[in-house]
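Have a look at query_12.cif below; it lists mmCIF, C-alpha atoms.
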```
data_structure
loop_
_atom_site.label_atom_id
_atom_site.label_comp_id
_atom_site.auth_asym_id
_atom_site.auth_seq_id
_atom_site.Cartn_x
_atom_site.Cartn_y
_atom_site.Cartn_z
CA MET A 296 0.00 0.00 0.00
CA SER A 297 2.71 2.34 0.99
CA ARG A 298 4.67 1.43 -2.06
CA LYS A 299 1.61 2.30 -4.20
CA LEU A 300 1.29 5.65 -2.48
CA LEU A 301 4.95 6.38 -2.94
CA THR A 302 4.75 5.44 -6.57
CA SER A 303 1.76 7.62 -7.21
CA LEU A 304 3.41 10.56 -5.39
CA ALA A 305 6.53 10.13 -7.47
CA ALA A 306 4.42 10.03 -10.60
CA GLY A 307 2.57 13.13 -9.49
CA LEU A 308 5.78 15.01 -8.82
CA ALA A 309 7.20 13.85 -12.12
CA LEU A 310 4.10 15.12 -13.87
CA ALA A 311 4.15 18.32 -12.02
CA PHE A 312 7.78 18.87 -12.90
CA ALA A 313 7.06 17.89 -16.48
CA VAL A 314 4.30 20.50 -16.64
CA THR A 315 6.28 23.24 -14.85
CA VAL A 316 9.47 23.06 -16.81
CA PRO A 317 7.95 23.66 -20.26
CA ALA A 318 5.85 26.40 -18.73
CA GLN A 319 8.97 28.07 -17.39
CA GLU A 320 10.68 27.60 -20.70
CA ALA A 321 7.73 29.28 -22.47
CA ALA A 322 7.43 32.31 -19.97
CA SER A 323 10.98 33.63 -20.19
CA PRO A 324 10.65 35.90 -23.38
CA ASP A 325 7.52 37.53 -21.92
CA ALA A 326 9.40 38.41 -18.73
CA ASP A 327 12.13 40.05 -20.69
CA ALA A 328 9.61 42.08 -22.57
CA ALA A 329 7.91 42.98 -19.34
CA ARG A 330 11.21 43.91 -17.80
CA ALA A 331 12.10 45.96 -20.80
CA ALA A 332 8.70 47.56 -20.73
CA SER A 333 9.00 48.31 -17.07
CA MET A 334 12.45 49.73 -17.59
CA ALA A 335 11.17 51.82 -20.43
CA ARG A 336 8.30 52.89 -18.24
CA ASP A 337 10.72 53.73 -15.47
CA ALA A 338 12.85 55.72 -17.89
CA GLU A 339 9.76 57.45 -19.18
CA ASP A 340 8.63 58.16 -15.64
CA ALA A 341 12.04 59.54 -14.79
CA ALA A 342 12.05 61.66 -17.92
CA SER A 343 8.57 62.94 -17.19
CA ARG A 344 9.58 63.53 -13.57
CA ASP A 345 12.58 65.52 -14.81
CA GLN A 346 10.38 67.36 -17.23
CA PHE A 347 7.91 68.03 -14.47
CA ARG A 348 10.68 69.21 -12.17
CA GLN A 349 11.97 71.46 -14.93
CA LEU A 350 8.49 72.77 -15.53
CA ASP A 351 8.06 73.31 -11.83
CA GLN A 352 11.34 75.20 -11.71
CA ASP A 353 10.24 77.24 -14.71
CA VAL A 354 6.94 78.01 -13.05
CA GLN A 355 8.75 78.90 -9.84
CA SER A 356 11.15 81.21 -11.63
CA LEU A 357 8.28 82.72 -13.59
CA LYS A 358 6.41 83.18 -10.34
CA LYS A 359 9.45 84.89 -8.87
CA GLU A 360 9.72 87.10 -11.93
CA VAL A 361 6.03 87.95 -11.65
CA LEU A 362 6.51 88.75 -7.98
CA ASP A 363 9.55 90.91 -8.77
CA LEU A 364 7.63 92.67 -11.49
CA ASN A 365 4.71 93.12 -9.16
CA ARG A 366 7.01 94.60 -6.53
CA ASP A 367 8.59 96.90 -9.10
CA LEU A 368 5.18 97.96 -10.34
CA PHE A 369 4.02 98.55 -6.79
CA LEU A 370 7.03 100.69 -6.04
CA LEU A 371 6.62 102.54 -9.31
CA GLU A 372 2.96 103.05 -8.59
CA GLU A 373 3.77 104.29 -5.13
CA GLU A 374 6.33 106.64 -6.55
CA LEU A 375 4.12 107.94 -9.32
CA LEU A 376 0.55 107.72 -8.19
CA PHE A 377 0.77 108.68 -4.56
CA PRO A 378 2.08 112.22 -4.53
CA ALA A 379 1.91 112.26 -0.74
CA ASN A 380 5.11 110.29 -0.85
CA SER A 381 6.79 112.83 -3.04
CA GLN A 382 5.74 115.66 -0.77
CA VAL A 383 8.21 117.91 0.88
CA ALA A 384 6.91 120.37 3.45
CA PHE A 385 8.81 123.45 4.58
CA PHE A 386 8.15 124.95 7.98
CA ILE A 387 9.21 128.24 9.53
CA SER A 388 9.83 128.49 13.24
CA MET A 389 11.34 131.14 15.44
CA ASP A 390 13.19 130.96 18.69
CA VAL A 391 13.49 134.12 20.81
CA GLY A 392 13.67 136.51 17.84
CA GLU A 393 15.18 139.40 19.78
CA TYR A 394 17.58 140.24 16.99
CA PHE A 395 15.22 139.74 14.10
CA LYS A 396 11.74 140.91 13.21
CA LEU A 397 10.50 138.70 10.40
CA ASP A 398 8.96 140.40 7.40
CA SER A 399 9.01 137.81 4.63
CA VAL A 400 10.45 134.49 3.54
CA SER A 401 11.15 133.53 -0.01
CA LEU A 402 11.92 129.93 -0.99
CA LYS A 403 13.68 128.70 -4.08
CA ILE A 404 13.93 125.04 -4.97
CA ASN A 405 16.50 124.18 -7.62
CA GLY A 406 16.73 127.84 -8.58
CA LYS A 407 12.99 128.32 -9.05
CA GLU A 408 11.02 130.54 -6.69
CA VAL A 409 8.22 128.49 -5.17
CA ALA A 410 7.03 130.59 -2.25
CA ASN A 411 7.12 134.15 -1.12
CA TYR A 412 5.32 134.75 2.14
CA LEU A 413 4.70 138.07 3.85
CA TYR A 414 4.25 137.85 7.62
CA THR A 415 1.84 140.16 9.35
CA ASP A 416 2.63 141.32 12.89
CA ARG A 417 0.12 138.84 14.21
CA GLU A 418 1.69 135.94 12.32
CA ALA A 419 5.21 136.91 13.38
CA GLY A 420 3.92 137.13 16.96
CA SER A 421 2.49 133.61 16.69
CA LEU A 422 5.87 132.32 15.54
CA LEU A 423 7.51 133.99 18.52
CA ARG A 424 5.05 132.29 20.83
CA GLY A 425 6.14 128.90 19.52
CA GLY A 426 3.98 128.53 16.45
CA VAL A 427 5.25 126.76 13.37
CA HIS A 428 4.13 127.87 9.95
CA ARG A 429 4.04 125.58 6.95
CA VAL A 430 5.23 128.02 4.33
CA HIS A 431 5.27 125.67 1.37
CA MET A 432 4.48 122.16 0.29
CA ALA A 433 5.93 120.70 -2.88
CA ASN A 434 6.00 117.47 -4.80
CA LEU A 435 9.58 116.60 -5.55
CA LYS A 436 11.15 113.73 -7.44
CA THR A 437 13.46 111.44 -5.58
CA GLY A 438 17.05 112.61 -5.79
CA ASP A 439 19.12 115.61 -4.81
CA HIS A 440 17.65 119.10 -4.56
CA GLU A 441 18.79 122.51 -3.49
CA LEU A 442 16.78 124.79 -1.24
CA VAL A 443 17.57 128.47 -0.88
CA ALA A 444 15.64 130.43 1.72
CA ILE A 445 15.83 134.21 1.81
CA PHE A 446 14.69 135.90 4.98
CA THR A 447 13.95 139.62 5.09
CA GLY A 448 13.08 141.70 8.10
CA GLN A 449 14.59 144.01 10.62
CA GLY A 450 17.82 143.03 12.27
CA PRO A 451 19.58 144.50 15.30
CA HIS A 452 19.05 148.26 15.77
CA THR A 453 15.97 148.03 13.49
CA ARG A 454 18.12 147.90 10.39
CA ASP A 455 16.78 146.23 7.29
CA TYR A 456 18.12 142.73 7.17
CA ARG A 457 18.25 140.19 4.36
CA ARG A 458 19.89 136.82 4.73
CA GLY A 459 19.97 133.61 2.74
CA ALA A 460 20.42 130.04 3.84
CA THR A 461 21.04 127.07 1.57
CA LEU A 462 20.40 123.39 2.07
CA ASN A 463 21.25 120.56 -0.27
CA PHE A 464 19.00 117.69 0.54
CA SER A 465 18.26 114.29 -0.85
CA LYS A 466 14.68 113.25 -1.36
CA GLY A 467 13.93 109.56 -0.96
CA ILE A 468 10.64 107.70 -0.98
CA GLY A 469 8.29 109.00 1.67
CA ALA A 470 7.36 112.47 2.79
CA LYS A 471 10.07 114.87 3.89
CA TYR A 472 9.90 117.74 6.33
CA VAL A 473 12.31 120.65 6.38
CA GLU A 474 12.34 123.23 9.16
CA LEU A 475 13.74 126.69 8.67
CA GLU A 476 14.51 127.98 12.11
CA ILE A 477 15.33 131.55 13.05
CA THR A 478 17.29 131.75 16.29
CA ASP A 479 19.31 134.36 18.11
CA ARG A 480 23.06 134.10 18.35
CA VAL A 481 23.59 135.97 21.57
CA LYS A 482 27.39 136.06 21.33
CA LYS A 483 27.35 137.88 18.03
CA GLN A 484 24.07 139.66 18.75
CA GLN A 485 22.86 138.52 15.36
CA PRO A 486 20.06 136.31 14.17
CA GLU A 487 20.94 132.88 12.89
CA PHE A 488 19.12 130.93 10.20
CA VAL A 489 19.26 127.18 10.49
CA ILE A 490 17.76 124.66 8.12
CA LYS A 491 17.00 121.26 9.59
CA GLU A 492 15.67 118.10 8.06
CA TRP A 493 13.21 116.15 10.15
CA GLU A 494 13.56 112.41 10.16
CA MET B 217 -18.98 137.99 -44.48
CA LYS B 218 -17.62 134.96 -42.72
CA ILE B 219 -14.72 136.94 -41.34
CA ARG B 220 -17.11 139.60 -40.05
CA ASN B 221 -19.20 136.94 -38.34
CA LEU B 222 -16.10 135.42 -36.81
CA LEU B 223 -14.95 138.82 -35.59
CA ALA B 224 -18.36 139.57 -34.13
CA GLY B 225 -18.33 136.20 -32.37
CA PHE B 226 -14.86 136.83 -31.03
CA VAL B 227 -15.75 140.31 -29.75
CA PHE B 228 -18.90 138.93 -28.16
CA SER B 229 -17.02 136.08 -26.49
CA VAL B 230 -14.37 138.47 -25.16
CA PHE B 231 -17.08 140.77 -23.83
CA ALA B 232 -18.96 137.85 -22.30
CA ALA B 233 -15.78 136.50 -20.73
CA SER B 234 -14.86 139.85 -19.22
CA SER B 235 -18.31 140.50 -17.83
CA LEU B 236 -18.38 136.99 -16.38
CA ALA B 237 -14.96 137.50 -14.89
CA SER B 238 -16.02 140.65 -13.14
CA SER B 239 -19.13 139.13 -11.64
CA GLY B 240 -17.56 135.71 -11.06
CA LEU B 241 -16.29 136.65 -7.63
CA THR B 242 -19.65 137.62 -6.16
CA GLY B 243 -20.79 135.00 -3.69
CA GLN B 244 -17.37 133.33 -3.67
CA PRO B 245 -14.92 133.33 -0.76
CA ALA B 246 -12.68 136.38 -1.14
CA PRO B 247 -9.20 135.26 -2.25
CA ASP B 248 -6.76 135.80 0.58
CA PHE B 249 -3.68 137.96 0.16
CA ALA B 250 -1.00 139.74 2.14
CA LEU B 251 0.63 142.99 1.04
CA LYS B 252 2.94 145.60 2.46
CA SER B 253 1.06 148.67 3.63
CA SER B 254 1.82 152.37 3.72
CA THR B 255 2.70 152.07 7.42
CA GLY B 256 5.34 149.42 6.66
CA ALA B 257 3.34 146.58 8.20
CA ASN B 258 2.18 143.60 6.19
CA LEU B 259 -1.58 143.20 6.17
CA ARG B 260 -3.48 140.02 5.40
CA LEU B 261 -7.13 139.98 4.38
CA SER B 262 -8.00 136.83 6.35
CA GLU B 263 -7.02 138.60 9.58
CA TYR B 264 -10.06 140.83 9.12
CA ARG B 265 -12.49 137.91 9.17
CA GLY B 266 -15.44 138.93 11.30
CA ASP B 267 -15.37 142.48 9.96
CA VAL B 268 -16.98 143.86 6.86
CA VAL B 269 -14.10 144.69 4.53
CA MET B 270 -14.05 146.95 1.53
CA ILE B 271 -11.16 146.45 -0.86
CA ASN B 272 -10.64 149.39 -3.17
CA PHE B 273 -8.24 148.94 -6.09
CA TRP B 274 -6.89 152.27 -7.28
CA ALA B 275 -4.04 153.95 -9.16
CA THR B 276 -2.56 157.44 -9.13
CA TRP B 277 -3.29 157.92 -12.83
CA CYS B 278 -7.01 157.21 -12.35
CA GLY B 279 -9.16 160.37 -12.05
CA PRO B 280 -12.28 158.74 -10.57
CA CYS B 281 -10.10 157.09 -7.89
CA ARG B 282 -8.89 160.50 -6.74
CA GLN B 283 -12.51 161.65 -6.64
CA GLU B 284 -13.69 158.60 -4.74
CA MET B 285 -10.97 158.26 -2.11
CA PRO B 286 -11.98 161.11 0.26
CA LEU B 287 -15.54 159.76 0.24
CA LEU B 288 -14.30 156.27 1.07
CA ASP B 289 -12.20 157.72 3.86
CA GLU B 290 -15.31 159.33 5.31
CA LEU B 291 -17.08 155.96 5.23
CA TYR B 292 -14.09 154.32 6.91
CA SER B 293 -13.87 156.95 9.66
CA ARG B 294 -17.56 156.63 10.40
CA TYR B 295 -17.91 152.83 10.51
CA GLN B 296 -14.49 151.64 11.57
CA ARG B 297 -15.50 151.41 15.23
CA VAL B 298 -18.40 149.06 14.43
CA GLY B 299 -16.45 146.45 12.51
CA PHE B 300 -15.80 147.99 9.13
CA ASN B 301 -12.40 147.99 7.46
CA LEU B 302 -11.18 149.48 4.26
CA LEU B 303 -8.09 148.35 2.41
CA GLY B 304 -6.95 150.51 -0.48
CA VAL B 305 -4.88 148.47 -2.91
CA ASN B 306 -2.66 150.61 -5.08
CA ILE B 307 -1.51 149.06 -8.34
CA ASP B 308 1.14 151.62 -9.37
CA ASP B 309 4.58 150.31 -10.23
CA ASP B 310 6.11 153.01 -8.07
CA SER B 311 4.75 153.11 -4.54
CA ASN B 312 6.31 156.54 -3.91
CA ARG B 313 3.77 158.16 -6.17
CA ALA B 314 0.99 156.43 -4.26
CA MET B 315 2.46 157.62 -0.96
CA ALA B 316 2.56 161.19 -2.27
CA MET B 317 -1.09 161.00 -3.28
CA ILE B 318 -2.15 159.50 0.06
CA ASN B 319 -0.41 162.33 1.87
CA GLU B 320 -1.93 164.87 -0.46
CA LEU B 321 -5.47 163.55 0.00
CA GLY B 322 -4.94 162.85 3.70
CA VAL B 323 -6.64 159.43 3.68
CA SER B 324 -6.53 157.52 6.95
CA PHE B 325 -7.38 153.99 5.77
CA PRO B 326 -4.52 151.55 5.19
CA VAL B 327 -3.17 151.52 1.67
CA LEU B 328 -1.45 148.41 0.37
CA PHE B 329 0.97 148.20 -2.53
CA ASP B 330 0.40 145.64 -5.23
CA ALA B 331 3.24 146.58 -7.58
CA SER B 332 3.47 143.03 -8.90
CA LYS B 333 -0.32 143.11 -9.69
CA GLU B 334 -0.74 139.64 -8.22
CA VAL B 335 -3.70 140.62 -6.06
CA SER B 336 -5.31 142.59 -8.89
CA ARG B 337 -5.14 139.46 -11.03
CA LEU B 338 -6.56 137.43 -8.18
CA TYR B 339 -9.55 139.79 -8.08
CA GLN B 340 -9.84 139.97 -11.87
CA VAL B 341 -9.44 143.74 -11.82
CA ASP B 342 -10.06 144.93 -15.37
CA ALA B 343 -11.28 148.46 -14.69
CA MET B 344 -10.20 151.29 -12.43
CA PRO B 345 -11.25 151.75 -9.70
CA VAL B 346 -12.74 148.44 -8.57
CA THR B 347 -14.41 148.19 -5.19
CA VAL B 348 -15.06 144.79 -3.63
CA ILE B 349 -17.16 144.43 -0.49
CA VAL B 350 -16.52 141.34 1.65
CA ASP B 351 -18.91 140.23 4.39
CA ARG B 352 -18.08 139.07 7.91
CA GLU B 353 -17.82 135.47 6.71
CA GLY B 354 -15.14 136.39 4.18
CA ASN B 355 -17.34 136.10 1.09
CA VAL B 356 -17.41 138.61 -1.74
CA ARG B 357 -20.87 140.21 -1.69
CA HIS B 358 -20.58 143.18 -4.04
CA VAL B 359 -18.22 144.18 -6.83
CA HIS B 360 -18.33 147.68 -8.31
CA GLN B 361 -16.39 148.60 -11.38
CA GLY B 362 -15.48 152.23 -11.99
CA TYR B 363 -16.83 155.16 -10.06
CA LYS B 364 -19.53 157.67 -10.80
CA PRO B 365 -20.85 160.32 -8.40
CA GLY B 366 -23.61 158.64 -6.39
CA TYR B 367 -21.86 155.29 -6.04
CA GLU B 368 -20.90 156.27 -2.49
CA GLN B 369 -24.56 156.03 -1.50
CA LYS B 370 -24.66 152.46 -2.84
CA TYR B 371 -21.51 151.64 -0.86
CA LEU B 372 -23.03 153.13 2.26
CA ASP B 373 -26.24 151.11 1.92
CA GLN B 374 -24.40 147.88 1.23
CA VAL B 375 -21.91 148.33 4.05
CA ARG B 376 -24.66 149.18 6.53
CA ALA B 377 -26.68 146.15 5.45
CA LEU B 378 -23.67 143.86 5.86
CA LEU B 379 -22.81 145.35 9.25
CA ARG B 380 -26.34 144.54 10.39
CA GLU B 381 -26.05 140.85 9.37
#
```
Kindly return the structure encoded in the file as structure tokens.
Amino acid sequence: MSRKLLTSLAAGLALAFAVTVPAQEAASPDADAARAASMARDAEDAASRDQFRQLDQDVQSLKKEVLDLNRDLFLLEEELLFPANSQVAFFISMDVGEYFKLDSVSLKINGKEVANYLYTDREAGSLLRGGVHRVHMANLKTGDHELVAIFTGQGPHTRDYRRGATLNFSKGIGAKYVELEITDRVKKQQPEFVIKEWE
Amino acid sequence: MKIRNLLAGFVFSVFAASSLASSGLTGQPAPDFALKSSTGANLRLSEYRGDVVMINFWATWCGPCRQEMPLLDELYSRYQRVGFNLLGVNIDDDSNRAMAMINELGVSFPVLFDASKEVSRLYQVDAMPVTVIVDREGNVRHVHQGYKPGYEQKYLDQVRALLRE
């Protein structure tokens, strides 16, 4: 009985082997093709990944360029369309004023007269009490400019007095404030004209 | 024919523009100005806000101005204490001549010198004299061009009416 079983098992194995081997022999060209196909697919995937990466980089760089352009446009717009940023305001103030009675102030920017203001007694009095007068407001381009202020009035011993003060200033983006201050120089018993830029 | 029509149109438009210009200020805020006066002080119109102000543009070469000024001075002397002010704006190139005339006529109201004619342009002065009456709020209420005897009564009525407002 056991011999029969062994014989039949051996026959089964032999059959199984006989079936498997030709099957294996027949499958080998398909596997190559599959491998080749998969390799090709992998290569294609890699190529498309590279392409995609390249495209992504392109998009990123384009995005950066767009952002740069947008920033430039924004700055340009700010510079051109918002005149508040190009504004320069000029203020007159007076400290003590014992040696000078203010009559008028004339302002020239880059050689062109832009303001000529006559002060009444009341206005000059307000300046003496600490008031500040905005004598002129201008829109200026960014860059270097020259301001010449000419003050007329009565100096020591009620003599007619005329003095100029010059300031070369640089105008950046953003509003600028310039103060023209009249002070007394006690040592020399003369008025002094100081031009200050506010930060 | 066409040229004549064009000319007529042009003359009409110029006339219309000038008459509009003269009346354009009435009802508008009086343009502010500051000028040097005969006393040496600078005077600014806006500092008289709250008073009735008469601005009289005049020149030494203008006959009616000479006729009108003593009458204006009378008006000024009478109503100054109740809030009336008169500013005479002289438009001569040479202020010395104006000073001589003021002294000669003996006017007491402040006279301002507009040698550069900036203020005259501001007030569209295209006749001589021109008298502008400004109310307490700083608005131009009446503009008179030229002067004829009898105008002083108009001024008086208008100033009194504005002082009562």
>> as an NGL selection string, please: the residues near Pro247 in chain B (cut-off 12 Å, only C-alpha atoms, same-chain neighbours under 5 positions excluded).
In response: :B and (241-242 or 260-262 or 271 or 334-340 or 348 or 350 or 354-356)
>> One decimal, in Å: what's the spacing between CA of Val481 in chain A and CA of Phe386 in chain A?
In response: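 According to the coordinates, CA of Val481 in chain A and CA of Phe386 in chain A are separated by 23.3 Å.
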Closest contacts (chain B/chain A, max 10 Å, only C-alpha atoms) as JSON lines:
```
{"residue": "B:Phe249", "atom": "CA", "partner": "A:Leu413", "partner_atom": "CA", "distance": 9.2}
{"residue": "B:Ala250", "atom": "CA", "partner": "A:Leu413", "partner_atom": "CA", "distance": 6.2}
{"residue": "B:Leu251", "atom": "CA", "partner": "A:Leu413", "partner_atom": "CA", "distance": 7.0}
{"residue": "B:Lys252", "atom": "CA", "partner": "A:Leu413", "partner_atom": "CA", "distance": 7.9}
{"residue": "B:Gly256", "atom": "CA", "partner": "A:Asp398", "partner_atom": "CA", "distance": 9.7}
{"residue": "B:Ala257", "atom": "CA", "partner": "A:Thr415", "partner_atom": "CA", "distance": 6.7}
{"residue": "B:Asn258", "atom": "CA", "partner": "A:Thr415", "partner_atom": "CA", "distance": 4.7}
{"residue": "B:Leu259", "atom": "CA", "partner": "A:Thr415", "partner_atom": "CA", "distance": 5.6}
{"residue": "B:Arg260", "atom": "CA", "partner": "A:Thr415", "partner_atom": "CA", "distance": 6.6}
{"residue": "B:Glu263", "atom": "CA", "partner": "A:Arg417", "partner_atom": "CA", "distance": 8.5}
```
> For the atom pair CA of Trp277 in chain B and CA of Gly322 in chain B, what is the interatomic distance in Å to one decimal place?
Replying inline: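 CA of Gly322 in chain B lies 17.3 Å from CA of Trp277 in chain B.
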> Do you know which residues are at most 7 Å from Val323 in chain B counting all atoms listed in the file, after dropping those on the same chain fewer than 4 positions away, and could you put them as a PyMOL selection string?
Replying inline: chain B and resi 286+289+318
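For the atom pair formed by CA of Tyr295 in chain B and CA of Asn319 in chain B, the distance is 21.7 Å, given to one decimal.
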> What's the 10 Å shell around Arg352 in chain B, counting all atoms listed in the file, without same-chain residues fewer than 5 positions away, as a PyMOL selection string?
Replying inline: chain B and resi 264-269+299-300+378-379+381
>> Can you translate the PyMOL selection byres ((chain A and resi 422) around 10) into the concrete residues it hits in this file, as a list in words?
In response: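 The output of the PyMOL selection byres ((chain A and resi 422) around 10) on this file is Ile387, Ser388, Met389, Asp390, Val391, Gly392, Leu397, Tyr414, Asp416, Arg417, Glu418, Ala419, Gly420, Ser421, Leu423, Arg424, Gly425, Gly426, Val427, His428 and Ile477 of chain A.
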>> the PyMOL selection byres ((chain B and resi 304) around 8) - which residues does that actually catch in the file I just gave you? List them as a list in words.
In response: Ile271, Asn272, Phe273, Trp274, Leu302, Leu303, Val305, Asn306, Phe325, Pro326, Val327 and Leu328 of chain B
Quick one: write out the picked residues with C-alpha atoms as a PDB file, in the coordinates of the input?
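selection_20.pdb, freshly written:
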```pdb
ATOM      1  CA  ILE B 271     -11.160 146.450  -0.860  1.00  0.00           C
ATOM      2  CA  ASN B 272     -10.640 149.390  -3.170  1.00  0.00           C
ATOM      3  CA  PHE B 273      -8.240 148.940  -6.090  1.00  0.00           C
ATOM      4  CA  TRP B 274      -6.890 152.270  -7.280  1.00  0.00           C
ATOM      5  CA  LEU B 302     -11.180 149.480   4.260  1.00  0.00           C
ATOM      6  CA  LEU B 303      -8.090 148.350   2.410  1.00  0.00           C
ATOM      7  CA  VAL B 305      -4.880 148.470  -2.910  1.00  0.00           C
ATOM      8  CA  ASN B 306      -2.660 150.610  -5.080  1.00  0.00           C
ATOM      9  CA  PHE B 325      -7.380 153.990   5.770  1.00  0.00           C
ATOM     10  CA  PRO B 326      -4.520 151.550   5.190  1.00  0.00           C
ATOM     11  CA  VAL B 327      -3.170 151.520   1.670  1.00  0.00           C
ATOM     12  CA  LEU B 328      -1.450 148.410   0.370  1.00  0.00           C
TER      13      LEU B 328
END
```
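On the file presented, the PyMOL selection byres ((chain A and resi 466) around 6) picks out A:Thr437, A:Gly438, A:Ser465, A:Gly467.
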Write out as a PDB file with C-alpha atoms, in the frame of the given file each polymer residue whose atoms come within 12 Å of Cys278 in chain B, counting only C-alpha atoms; drop sequence neighbours fewer than 6 positions from it.
```
ATOM      1  CA  GLU B 284     -13.690 158.600  -4.740  1.00  0.00           C
ATOM      2  CA  MET B 285     -10.970 158.260  -2.110  1.00  0.00           C
ATOM      3  CA  ASN B 306      -2.660 150.610  -5.080  1.00  0.00           C
ATOM      4  CA  ILE B 307      -1.510 149.060  -8.340  1.00  0.00           C
ATOM      5  CA  ASP B 308       1.140 151.620  -9.370  1.00  0.00           C
ATOM      6  CA  ALA B 314       0.990 156.430  -4.260  1.00  0.00           C
ATOM      7  CA  MET B 317      -1.090 161.000  -3.280  1.00  0.00           C
ATOM      8  CA  ALA B 343     -11.280 148.460 -14.690  1.00  0.00           C
ATOM      9  CA  MET B 344     -10.200 151.290 -12.430  1.00  0.00           C
ATOM     10  CA  PRO B 345     -11.250 151.750  -9.700  1.00  0.00           C
ATOM     11  CA  VAL B 346     -12.740 148.440  -8.570  1.00  0.00           C
ATOM     12  CA  GLY B 362     -15.480 152.230 -11.990  1.00  0.00           C
ATOM     13  CA  TYR B 363     -16.830 155.160 -10.060  1.00  0.00           C
TER      14      TYR B 363
END
```
